[in-house]
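Student: Dropping the structure in here first, questions after.
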Amino acid sequence: MVFIVAEIDGCDVCAKMKEEFKDTLYGGYCEWMDRRTKPREFLITLDRRLDEETILIMLAHEMVHVKQYAYKQLKHNVRSLEKVIWKGRYVNEKKVKYERLPWEREAFSMEDGLFIMYVADNDAFEYFFG
């Protein structure tokens with residue numbers, strides 16, 4: 001199932017749920033579906049086996065990556081996909097632990113706050129924190 005998450009600043013963001021996440025720590029990922037130089041169409045894939053709260057936190061995390069791609073903070077090098085350009089500097093993903101990648105650190109630092117904002121905006125505190 002694919003559903004529209006948002007249309008923001010000329011970007012279309014879709015999400016889909018799937019169960020094919022094998023032995024991985026990740027519960028989701030974000031990919032751009034159009035031009036590499038200035039992406040405007042994104043697909044977020046989330047693990048449907050996660051509980052609702054975790055899915056929303058993962059969605060918030062992946063939306064940070066949408067922001068990073070859309071504002072050209074995060075770019076993948078066309079010649080070498082392990083080399084990523086983060087805010088104008090090359091980072092070799094193979095040489096840095098996942099948790100220490102600067103774009104992941106930003107996403108982790110923002111995901112809980114974005115989740116809380118979503119809960120507040122939708123009067124869902126009681127549902128999630130009962």
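Labels for the structure tokens follow display order: chains A, B, ..., residues from 1 in each chain, ligands from 1.
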Tell me, which residues of stretch 1-109 of chain A carry DSSP strand (DSSP E or B), written as a ChimeraX atom specification?
Tutor: /A:2-8,11-18,28-32,41-47,74-76,83-86,89-92
Student: Which residue, A:Leu74, A:Ile55, A:Met110, A:Ile4, has the smallest gap to A:Pro39 when you use only C-alpha atoms?
Tutor: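 Closest residue, counting only C-alpha atoms: A:Leu74.
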Student: For a test of reading the model, state the distance in Å between atom CA of A:Lys67 and atom CA of A:Phe128, rounded to one decimal.
Tutor: 25.8 Å
Student: Excluding same-chain residues fewer than 4 positions from A:Lys95, what lies within 12 Å of it counting only C-alpha atoms, as a list in words?
Tutor: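 In the requested form, the answer reads Glu82, Lys83, Val84, Tyr90, Val91, Glu99, Arg100 and Leu101 of chain A.
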Student: With N, CA and C atoms retained, export the selected residues as a PDB file, in the first residue's frame.
Tutor:
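And here's part.pdb as it stands now:
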ATOM      1  N   GLU A  82      29.233   5.207  -2.434  1.00  0.00           N
ATOM      2  CA  GLU A  82      29.571   5.227  -1.014  1.00  0.00           C
ATOM      3  C   GLU A  82      29.999   6.608  -0.558  1.00  0.00           C
ATOM      4  N   LYS A  83      30.441   7.441  -1.491  1.00  0.00           N
ATOM      5  CA  LYS A  83      30.827   8.804  -1.127  1.00  0.00           C
ATOM      6  C   LYS A  83      29.602   9.699  -1.216  1.00  0.00           C
ATOM      7  N   VAL A  84      29.292  10.285  -0.110  1.00  0.00           N
ATOM      8  CA  VAL A  84      28.117  11.143  -0.004  1.00  0.00           C
ATOM      9  C   VAL A  84      28.593  12.559   0.254  1.00  0.00           C
ATOM     10  N   TYR A  90      32.662  15.771   1.298  1.00  0.00           N
ATOM     11  CA  TYR A  90      32.546  14.341   1.033  1.00  0.00           C
ATOM     12  C   TYR A  90      32.654  13.542   2.325  1.00  0.00           C
ATOM     13  N   VAL A  91      31.786  12.540   2.442  1.00  0.00           N
ATOM     14  CA  VAL A  91      31.831  11.603   3.559  1.00  0.00           C
ATOM     15  C   VAL A  91      31.768  10.207   2.948  1.00  0.00           C
ATOM     16  N   GLU A  99      25.548   5.339  13.033  1.00  0.00           N
ATOM     17  CA  GLU A  99      25.046   6.302  14.028  1.00  0.00           C
ATOM     18  C   GLU A  99      25.834   7.611  14.021  1.00  0.00           C
ATOM     19  N   ARG A 100      27.038   7.587  13.472  1.00  0.00           N
ATOM     20  CA  ARG A 100      27.900   8.769  13.478  1.00  0.00           C
ATOM     21  C   ARG A 100      27.859   9.541  12.157  1.00  0.00           C
ATOM     22  N   LEU A 101      27.131   9.026  11.169  1.00  0.00           N
ATOM     23  CA  LEU A 101      26.985   9.772   9.920  1.00  0.00           C
ATOM     24  C   LEU A 101      26.245  11.070  10.223  1.00  0.00           C
TER      25      LEU A 101
END
Student: Counting only C-alpha atoms, give me one row per residue of stretch 29-128 of chain A with an atom at most 7 Å from an atom of stretch 7-22 of chain A, showing the shortest contact pair and its distance in Å to one decimal, sorted by chain then residue number, as a tab-separated table.
Tutor:
residue	atom	partner	partner_atom	distance
A:Arg40	CA	A:Cys11	CA	4.5
A:Glu41	CA	A:Asp12	CA	4.9
A:Phe42	CA	A:Val13	CA	4.8
A:Leu43	CA	A:Cys14	CA	4.9
A:Ile44	CA	A:Ala15	CA	4.5
A:Thr45	CA	A:Lys16	CA	5.0
A:Leu46	CA	A:Met17	CA	4.9
A:Asp47	CA	A:Lys18	CA	5.3
A:Arg48	CA	A:Met17	CA	5.1
A:Arg49	CA	A:Glu19	CA	6.5
Student: Going by DSSP on the backbone, which residues of chain A come out as helix (DSSP H, G or I)? List them as a PyMOL selection string.
Tutor: chain A and resi 52-70+93-95+98-100+102-121+125-129
Student: Give me the residues near A:Met58 as a ChimeraX atom specification, where near means some atom within 8 Å (using only C-alpha atoms) and where sequence neighbours in that chain fewer than 3 positions away do not count.
Tutor: /A:27-28,46,54-55,61-62,111
Student: Suppose we keep N, CA and C atoms; can you now write the selection as a CSV table (one decimal), in the first residue's frame?
Tutor:
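After the write, out_1.csv holds the following:
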chain,number,residue,atom,x,y,z
A,27,GLY,N,14.3,0.5,10.3
A,27,GLY,CA,12.9,0.3,10.2
A,27,GLY,C,12.3,1.0,9.0
A,28,GLY,N,13.2,1.7,8.2
A,28,GLY,CA,12.7,2.4,7.1
A,28,GLY,C,13.9,3.0,6.3
A,46,LEU,N,8.6,1.9,5.0
A,46,LEU,CA,8.6,1.6,6.4
A,46,LEU,C,8.3,0.1,6.7
A,54,THR,N,6.4,3.6,16.8
A,54,THR,CA,7.7,3.4,16.1
A,54,THR,C,7.6,3.8,14.6
A,55,ILE,N,6.5,3.4,14.0
A,55,ILE,CA,6.3,3.8,12.6
A,55,ILE,C,6.3,5.3,12.4
A,61,HIS,N,11.8,10.5,11.1
A,61,HIS,CA,13.3,10.3,10.8
A,61,HIS,C,13.5,10.4,9.3
A,62,GLU,N,12.7,9.7,8.6
A,62,GLU,CA,12.9,9.7,7.1
A,62,GLU,C,12.5,11.0,6.5
A,111,GLU,N,13.9,13.3,15.3
A,111,GLU,CA,12.7,12.4,15.1
A,111,GLU,C,11.7,12.5,16.3
Student: So what do you get for atom CA of A:His76 versus atom CA of A:Glu106, distance-wise?
Tutor: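 Between these atoms lies a distance of 16.9 Å.
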